[in-house]
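Q: One structure follows; several queries about it will come next.
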Amino acid sequence: MTLNKRSINVELDLQKEKDLDAIAAVGEALGSVARLKLLRHLQEKRTQTVSEMSKELNVPKSTLLHHLDVLEKAGIVRIVYKSSSHGMERLVIRNLQTINLRVYYNLQTEDDGQEKTFLQNMPVGNYAEYEGDMLCFATEDTHFFNVDNCYSSERFNAELIYTQEGIVTYNFSNAVAQKHSVTELSLSLEICSEAPFYDNNYMSDVTFWVNNVEVATYTSEGDYGDRPGKLSPAWWPRVNTQYGKLVTVAVKEDGVYINGILNHSQVTVKDLKLEEGNKLALKIGNKGTSEHVGGFNIFGKNFGDFPQDICLQLTYKN
């Protein structure tokens, strides 16, 4: 880039070959204390003749003209001629106000082009929305059964949430998807059906949506309570649900997989439009038209069998 003598703000990029000469010129112009003092002087007086500057700064004209020539080549000041009673005079005009220099570090690495992953963990009580009649939850020390307000602040400490029919929404960040090409979205959570007390043979069709796109339906085979959950607190009643199954739903470029097995190819990761909006919305729940509307339990890292919250992972390329 050759700096325009009438530029006010410029953007220079170290990675662009055409900007290198301009960056070098700016660097030379600002690499002198004497020239920096000249610029500071011009901050107070936007324009001034060379004669006035020489007199006020007590700098010989020859020295001043040398510094001004360097500053002009960098586009930081302009020098124009004007008529006066003393003939033609050189007028110094402040030009550039802002210079932004982009410098990249580690731009080229051995793994450029290779896939990377970004993992987000969501506590089960951090839901943004619930659709249904009743949503209950339990923390590590308290059971909130038949609560009047499922949005109460206590829910943020929940390690288990459950309902006999409903849909819960979690909002994740989509910042990575806005900047990179996502090749896979993978969701992992511990979940089971929700029967009164428990029933190991109580089926439930649990559907997953991402950004309002229906991704897949997982059929839970039961609401498990035949033994204590490995992580469930000692006070939790033995007659209640104890643990679930670890379920993974992955949306890839060729379709949707449940627990590593291709479920269908009707939806791909591109259909999710992960880069749009300011969030990634995950919905989990029962559709009213499902064959088995059997609710769900979702376990946190301190309940059930598996020490994890809801995990959402994006695989992407730079």
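Identifiers in this document derive from the order of the structure tokens: chains are assigned A, B, ..., residues are numbered from 1 separately in each chain, and ligands are numbered from 1 in order of occurrence.
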With only C-alpha atoms as the counted atoms, please give the residues lying no more than 10 Å from region 236-239 of chain A, apart from itself and same-chain residues fewer than 6 positions off, as an MDAnalysis selection string.

A: chainID A and resid 138 140:143 196:199 225:229 303

Q: Go ahead and save the residues from that selection, with N, CA and C atoms, as a PDB file, in the first residue's frame.

A:
ATOM      1  N   ALA A 138     -33.453 -31.597  41.379  1.00  0.00           N
ATOM      2  CA  ALA A 138     -32.799 -31.882  42.656  1.00  0.00           C
ATOM      3  C   ALA A 138     -31.380 -31.342  42.609  1.00  0.00           C
ATOM      4  N   GLU A 140     -27.617 -31.161  45.028  1.00  0.00           N
ATOM      5  CA  GLU A 140     -26.868 -32.176  45.758  1.00  0.00           C
ATOM      6  C   GLU A 140     -27.462 -32.452  47.134  1.00  0.00           C
ATOM      7  N   ASP A 141     -28.282 -31.517  47.652  1.00  0.00           N
ATOM      8  CA  ASP A 141     -28.817 -31.726  49.005  1.00  0.00           C
ATOM      9  C   ASP A 141     -30.304 -31.462  49.158  1.00  0.00           C
ATOM     10  N   THR A 142     -31.010 -31.052  48.084  1.00  0.00           N
ATOM     11  CA  THR A 142     -32.429 -30.706  48.207  1.00  0.00           C
ATOM     12  C   THR A 142     -33.209 -31.177  46.988  1.00  0.00           C
ATOM     13  N   HIS A 143     -34.441 -31.650  47.250  1.00  0.00           N
ATOM     14  CA  HIS A 143     -35.334 -32.077  46.176  1.00  0.00           C
ATOM     15  C   HIS A 143     -36.414 -31.018  46.000  1.00  0.00           C
ATOM     16  N   PRO A 196     -43.540 -42.741  37.156  1.00  0.00           N
ATOM     17  CA  PRO A 196     -43.764 -42.543  38.594  1.00  0.00           C
ATOM     18  C   PRO A 196     -42.812 -43.444  39.379  1.00  0.00           C
ATOM     19  N   PHE A 197     -42.090 -42.884  40.338  1.00  0.00           N
ATOM     20  CA  PHE A 197     -41.023 -43.593  41.056  1.00  0.00           C
ATOM     21  C   PHE A 197     -39.978 -44.044  40.026  1.00  0.00           C
ATOM     22  N   TYR A 198     -39.975 -45.324  39.644  1.00  0.00           N
ATOM     23  CA  TYR A 198     -39.088 -45.735  38.549  1.00  0.00           C
ATOM     24  C   TYR A 198     -39.659 -47.009  37.925  1.00  0.00           C
ATOM     25  N   ASP A 199     -39.239 -47.269  36.700  1.00  0.00           N
ATOM     26  CA  ASP A 199     -39.679 -48.457  35.971  1.00  0.00           C
ATOM     27  C   ASP A 199     -38.627 -48.729  34.893  1.00  0.00           C
ATOM     28  N   GLY A 225     -33.936 -47.557  38.237  1.00  0.00           N
ATOM     29  CA  GLY A 225     -33.854 -47.383  39.688  1.00  0.00           C
ATOM     30  C   GLY A 225     -33.616 -48.661  40.443  1.00  0.00           C
ATOM     31  N   ASP A 226     -33.165 -49.704  39.742  1.00  0.00           N
ATOM     32  CA  ASP A 226     -32.971 -50.999  40.387  1.00  0.00           C
ATOM     33  C   ASP A 226     -31.757 -51.017  41.315  1.00  0.00           C
ATOM     34  N   ARG A 227     -30.911 -50.037  41.210  1.00  0.00           N
ATOM     35  CA  ARG A 227     -29.750 -49.908  42.103  1.00  0.00           C
ATOM     36  C   ARG A 227     -29.445 -48.431  42.287  1.00  0.00           C
ATOM     37  N   PRO A 228     -28.690 -48.058  43.291  1.00  0.00           N
ATOM     38  CA  PRO A 228     -28.336 -46.647  43.481  1.00  0.00           C
ATOM     39  C   PRO A 228     -27.432 -46.165  42.349  1.00  0.00           C
ATOM     40  N   GLY A 229     -27.585 -44.908  41.989  1.00  0.00           N
ATOM     41  CA  GLY A 229     -26.667 -44.316  41.037  1.00  0.00           C
ATOM     42  C   GLY A 229     -25.280 -44.199  41.657  1.00  0.00           C
ATOM     43  N   PHE A 303     -24.756 -36.611  39.833  1.00  0.00           N
ATOM     44  CA  PHE A 303     -25.954 -37.448  39.981  1.00  0.00           C
ATOM     45  C   PHE A 303     -25.870 -38.559  38.951  1.00  0.00           C
TER      46      PHE A 303
END

Q: List the spatial neighbours of region 23-35 of chain A as a PDB file with C-alpha atoms, in the first residue's frame - criterion: any atom at most 6 Å away, only C-alpha atoms, same-chain residues fewer than 6 positions off excluded.

A:
ATOM      1  CA  VAL A  70      10.181  11.727   6.203  1.00  0.00           C
ATOM      2  CA  LEU A  71       6.760  12.366   7.792  1.00  0.00           C
ATOM      3  CA  ALA A  74       4.753   8.161   5.442  1.00  0.00           C
TER       4      ALA A  74
END

Q: From the list A:Asn263, A:Ser54, A:Thr315, A:Asn278, which residue is nearest Ala216 (chain A) when using only C-alpha atoms?

A: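 Distance minimum relative to Ala216 (chain A) lands on A:Asn263.
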
Q: Record the distance separating CA of Ser232 (chain A) and CA of Ser186 (chain A), expressed in Å with one decimal.

A: 25.7 Å

Q: My list of candidates is A:Leu91, A:Ala234, A:Leu12, A:Ala250. Which is closest to Val50 (chain A) when distances are computed with only C-alpha atoms?

A: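 The answer is A:Leu91, which sits nearest to Val50 (chain A).
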
Q: Just give me the gap between CA of Phe145 (chain A) and CA of Asn121 (chain A) in Å, one decimal is fine.

A: 25.2 Å

Q: Using only C-alpha atoms, pick whichever of A:Arg155, A:Met88, A:Arg94, A:Ala22 has the shortest atom-to-atom distance to Leu42 (chain A).

A: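 For Leu42 (chain A), the nearest of the given residues is A:Arg94.
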
Q: Quick one: DSSP strand (DSSP E or B) residues in region 186-269 of chain A, as a PyMOL selection string?

A: chain A and resi 186-192+199+204-210+213-220+223-224+243+245-252+255-258+261-264

Q: Report, in Å with one decimal, the straight-line distance from CA of Asn297 (chain A) to CA of Ser173 (chain A).

A: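 About the pair CA of Asn297 (chain A) and CA of Ser173 (chain A): they are 23.8 Å apart.
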
Q: Set the distance at 8 Å and use only C-alpha atoms: which residues neighbour Glu275 (chain A) once local chain neighbours fewer than 2 positions away are removed? I'd like the list as an NGL selection string.

A: :A and (174-175 or 177-179 or 273 or 277)

Q: Output the selection as an mmCIF file, in the first residue's frame - N, CA and C atoms for each residue.

A:
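Once written, selection_15.cif looks like this:
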data_model
loop_
_atom_site.group_PDB
_atom_site.id
_atom_site.type_symbol
_atom_site.label_atom_id
_atom_site.label_comp_id
_atom_site.auth_asym_id
_atom_site.auth_seq_id
_atom_site.Cartn_x
_atom_site.Cartn_y
_atom_site.Cartn_z
ATOM 1 N N ASN A 174 -22.218 -19.944 19.871
ATOM 2 C CA ASN A 174 -21.904 -20.335 18.497
ATOM 3 C C ASN A 174 -20.755 -19.504 17.933
ATOM 4 N N ALA A 175 -19.930 -18.915 18.837
ATOM 5 C CA ALA A 175 -18.831 -18.049 18.394
ATOM 6 C C ALA A 175 -17.868 -18.777 17.465
ATOM 7 N N ALA A 177 -18.555 -21.329 15.515
ATOM 8 C CA ALA A 177 -19.228 -21.587 14.239
ATOM 9 C C ALA A 177 -19.305 -20.335 13.374
ATOM 10 N N GLN A 178 -19.322 -19.160 13.996
ATOM 11 C CA GLN A 178 -19.364 -17.917 13.232
ATOM 12 C C GLN A 178 -18.045 -17.644 12.519
ATOM 13 N N LYS A 179 -16.953 -18.213 13.036
ATOM 14 C CA LYS A 179 -15.630 -17.903 12.489
ATOM 15 C C LYS A 179 -14.989 -19.056 11.725
ATOM 16 N N LYS A 273 -27.271 -24.546 10.329
ATOM 17 C CA LYS A 273 -26.980 -23.110 10.212
ATOM 18 C C LYS A 273 -26.395 -22.568 11.533
ATOM 19 N N GLY A 277 -27.234 -16.072 13.850
ATOM 20 C CA GLY A 277 -27.690 -15.616 15.167
ATOM 21 C C GLY A 277 -26.544 -15.476 16.153
#

Q: Taking into account only C-alpha atoms, which residue in the set A:Tyr316, A:Phe172, A:Trp235, A:Tyr243 is nearest to Asn211 (chain A)?

A: A:Phe172

Q: If you run DSSP on the backbone here, which positions in region 71-297 of chain A get alpha helix (DSSP H)? Please write them as a list in words.

A: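 Across region 71-297 of chain A, those assigned alpha helix (DSSP H) are Leu71, Glu72, Lys73, Ala175, Val176, Ala177, Gln178 and Lys179 of chain A.
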